[in-house]
Amino acid sequence: MTMTLCSKLVVCAVIVPLCFSSMASSQDKPPQQPASDPTQFQPVPPRDLPPIDPAMKAAGEALLRQAAETFKQAPAIVSRTQVKVSSGENNSDLIVDAMFGPDGSMRVETADSLVVVKDGWLNMILYSVYDRYIRVPASPQISDNIFTLFGDRALAGFEILMREGQPLKVWLETLMMRSIGVPLVAGVEVITTPEGKNISRIQVLGRMGAGSVDYDPETKMIVSARSTMFPISGVEGFEWSMVVTTDIKMLDKLPEPITFDPGRRLAVENRRDLDPIARNILKVGQPAPPLRLPQLDGPIVDLSQLKGEVVVLDFWASHSDACMRSLKFMDELYRQRESMKTPFKMFAVNVGEKAFDAAEQIERVSGIWLKEKYKFPSLIASGDSVTKNWGIVSIPLLVVIDREGRVAYEQYGLLPDTKIKIEEALKKVGGR
């Protein structure tokens, strides 16, 4: 199993038991950010850890090192790994298919990503990014590439780390998905499976939880692992557990050659150029990205058809308190525009809405407009294409676009001097 870069990197996606919105207002209370791994939590450790027999500890470590050596020496490997994570009522299931060739080539695929190492290159596709992929010269140790790209060697996955000959403590923590903290081998026992097969079960303890790793003495390979996190301080009823099962076939050669076809994707060398938001961050003076959206009650608005007009956009979502305050300010500005007959267009743009479908999103926005009696129009952006194309990293986002269709001013959050800044920006482009 290679826990490699799927669902925003496999490890991160699976080990984080709580989900948070990536869209947050800079004027709201600082949002709780997604933990990159459970080590950022505050567990309540058990009062007493059982004493560890040094001989049993050594026996368990010896089996784990043998598993790593077996994986390292196998000429070719084809594997399928299933990861099941349970956190209260939330459950996730992940399948990872991997191939490792005798020449150092490898292919790892999930529903979300594809990583291929071949002919001296590491190629990485995130299927959510349709137009680009990462292509960099492959390092002798692929985990070096992963560290350079993502700042975390563990994201390469425990199998790659074993194949590279990384120390036991490095790949074991990755195998346990950091759910128990720094793992400590506590012993080993022989169990009999329901099929009548004897398996060595290696007990593992940590400050955050406990688990075990099952080792097959016949194949000298790891066949499964599991862990349970201890309760977390301040999180009532917290539960988190993981089960990993592997189906590994060791071969003399791969059943088929490893190939790679990026399609029409453009190769880039780093995460920023890959990330559709990071590479589209708004810059003053550059052309505004395309925007063609339906009004809440009215025709389609196409930004490309508004050249010659000054345009003000307020990107917002109903779950942000700062956005709701921004709407009130922007509506006041719109009413002033009407009374003074100043020459600029103005639209709210509803993005990042926590709605189940477009119809619910429209109903939610309509309710707000009716309740607050807003006069300025709102556009409805379903999905995340606008967020990506405009490089929106938080909301509210206020943008002034000049008559040539270029970004004249952009501001995240509702600041104390927002009104002054917007009016100054409008004056510069002839909108006041």
# chains A, B, ... in the order shown; residues from 1 in each chain; ligands from 1
>>> residues_around(residues="Lys421 (chain A)", least_positions_apart="6", cutoff="10 Å", atoms="only C-alpha atoms", output="list in words")
Tyr409, Glu410, Gln411, Leu415 and Lys427 of chain A
>>> residues_around(residues="Ala58 (chain A)", least_positions_apart="5", cutoff="9 Å", atoms="only C-alpha atoms", output="list in words")
Asp53, Leu63, Val185, Ala186 and Gly187 of chain A
>>> write_last_selection(atoms="C-alpha atoms", output="PDB file, in the first residue's frame")
ATOM      1  CA  ASP A  53       9.197  -6.537  27.940  1.00  0.00           C
ATOM      2  CA  LEU A  63       9.481  -9.020  12.352  1.00  0.00           C
ATOM      3  CA  VAL A 185       6.581  -1.571  19.615  1.00  0.00           C
ATOM      4  CA  ALA A 186       5.207  -3.165  22.772  1.00  0.00           C
ATOM      5  CA  GLY A 187       5.243  -6.883  22.020  1.00  0.00           C
TER       6      GLY A 187
END
>>> select_by_dssp(residues="region 208-367 of chain A", states="strand (DSSP E)", output="PyMOL selection string")
chain A and resi 209-216+221-229+241-251+266-268+292-294+300-302+310-316+344-350
>>> closest_residue(among="A:Pro416, A:Arg271, A:Arg226, A:Leu426", to="Glu309 (chain A)", atoms="only C-alpha atoms")
A:Leu426
>>> closest_residue(among="A:Ile281, A:Ala358, A:Leu266, A:Val310", to="Tyr412 (chain A)", atoms="only C-alpha atoms")
A:Ile281
>>> closest_residue(among="A:Arg406, A:Asp214, A:Gln361, A:Val268", to="Gly285 (chain A)", atoms="only C-alpha atoms")
A:Arg406
>>> closest_atom_pairs(of="region 144-211 of chain A", to="region 133-140 of chain A", cutoff="10 Å", atoms="only C-alpha atoms", output="tab-separated table")
residue	atom	partner	partner_atom	distance
A:Asp144	CA	A:Ser139	CA	6.4
A:Asn145	CA	A:Ser139	CA	6.1
A:Ile146	CA	A:Ser139	CA	9.5
A:Leu149	CA	A:Ile134	CA	9.4
A:Glu164	CA	A:Pro140	CA	8.8
>>> write_last_selection(atoms="C-alpha atoms", output="PDB file, in the first residue's frame")
ATOM      1  CA  ASP A 144      12.920  13.109  -1.483  1.00  0.00           C
ATOM      2  CA  ASN A 145      10.702  14.289  -4.351  1.00  0.00           C
ATOM      3  CA  ILE A 146       7.645  14.123  -2.115  1.00  0.00           C
ATOM      4  CA  LEU A 149       6.974  19.097  -3.318  1.00  0.00           C
ATOM      5  CA  GLU A 164      14.004   2.842   0.064  1.00  0.00           C
TER       6      GLU A 164
END
>>> closest_residue(among="A:Lys328, A:Lys72, A:Lys169, A:Lys373", to="Gly101 (chain A)", atoms="only C-alpha atoms")
A:Lys72
>>> atom_distance(atom1="CA of Arg132 (chain A)", atom2="CA of Asn270 (chain A)")
10.6 Å
>>> residues_around(residues="region 251-256 of chain A", least_positions_apart="4", cutoff="8 Å", atoms="only C-alpha atoms", output="count of residues only")
9
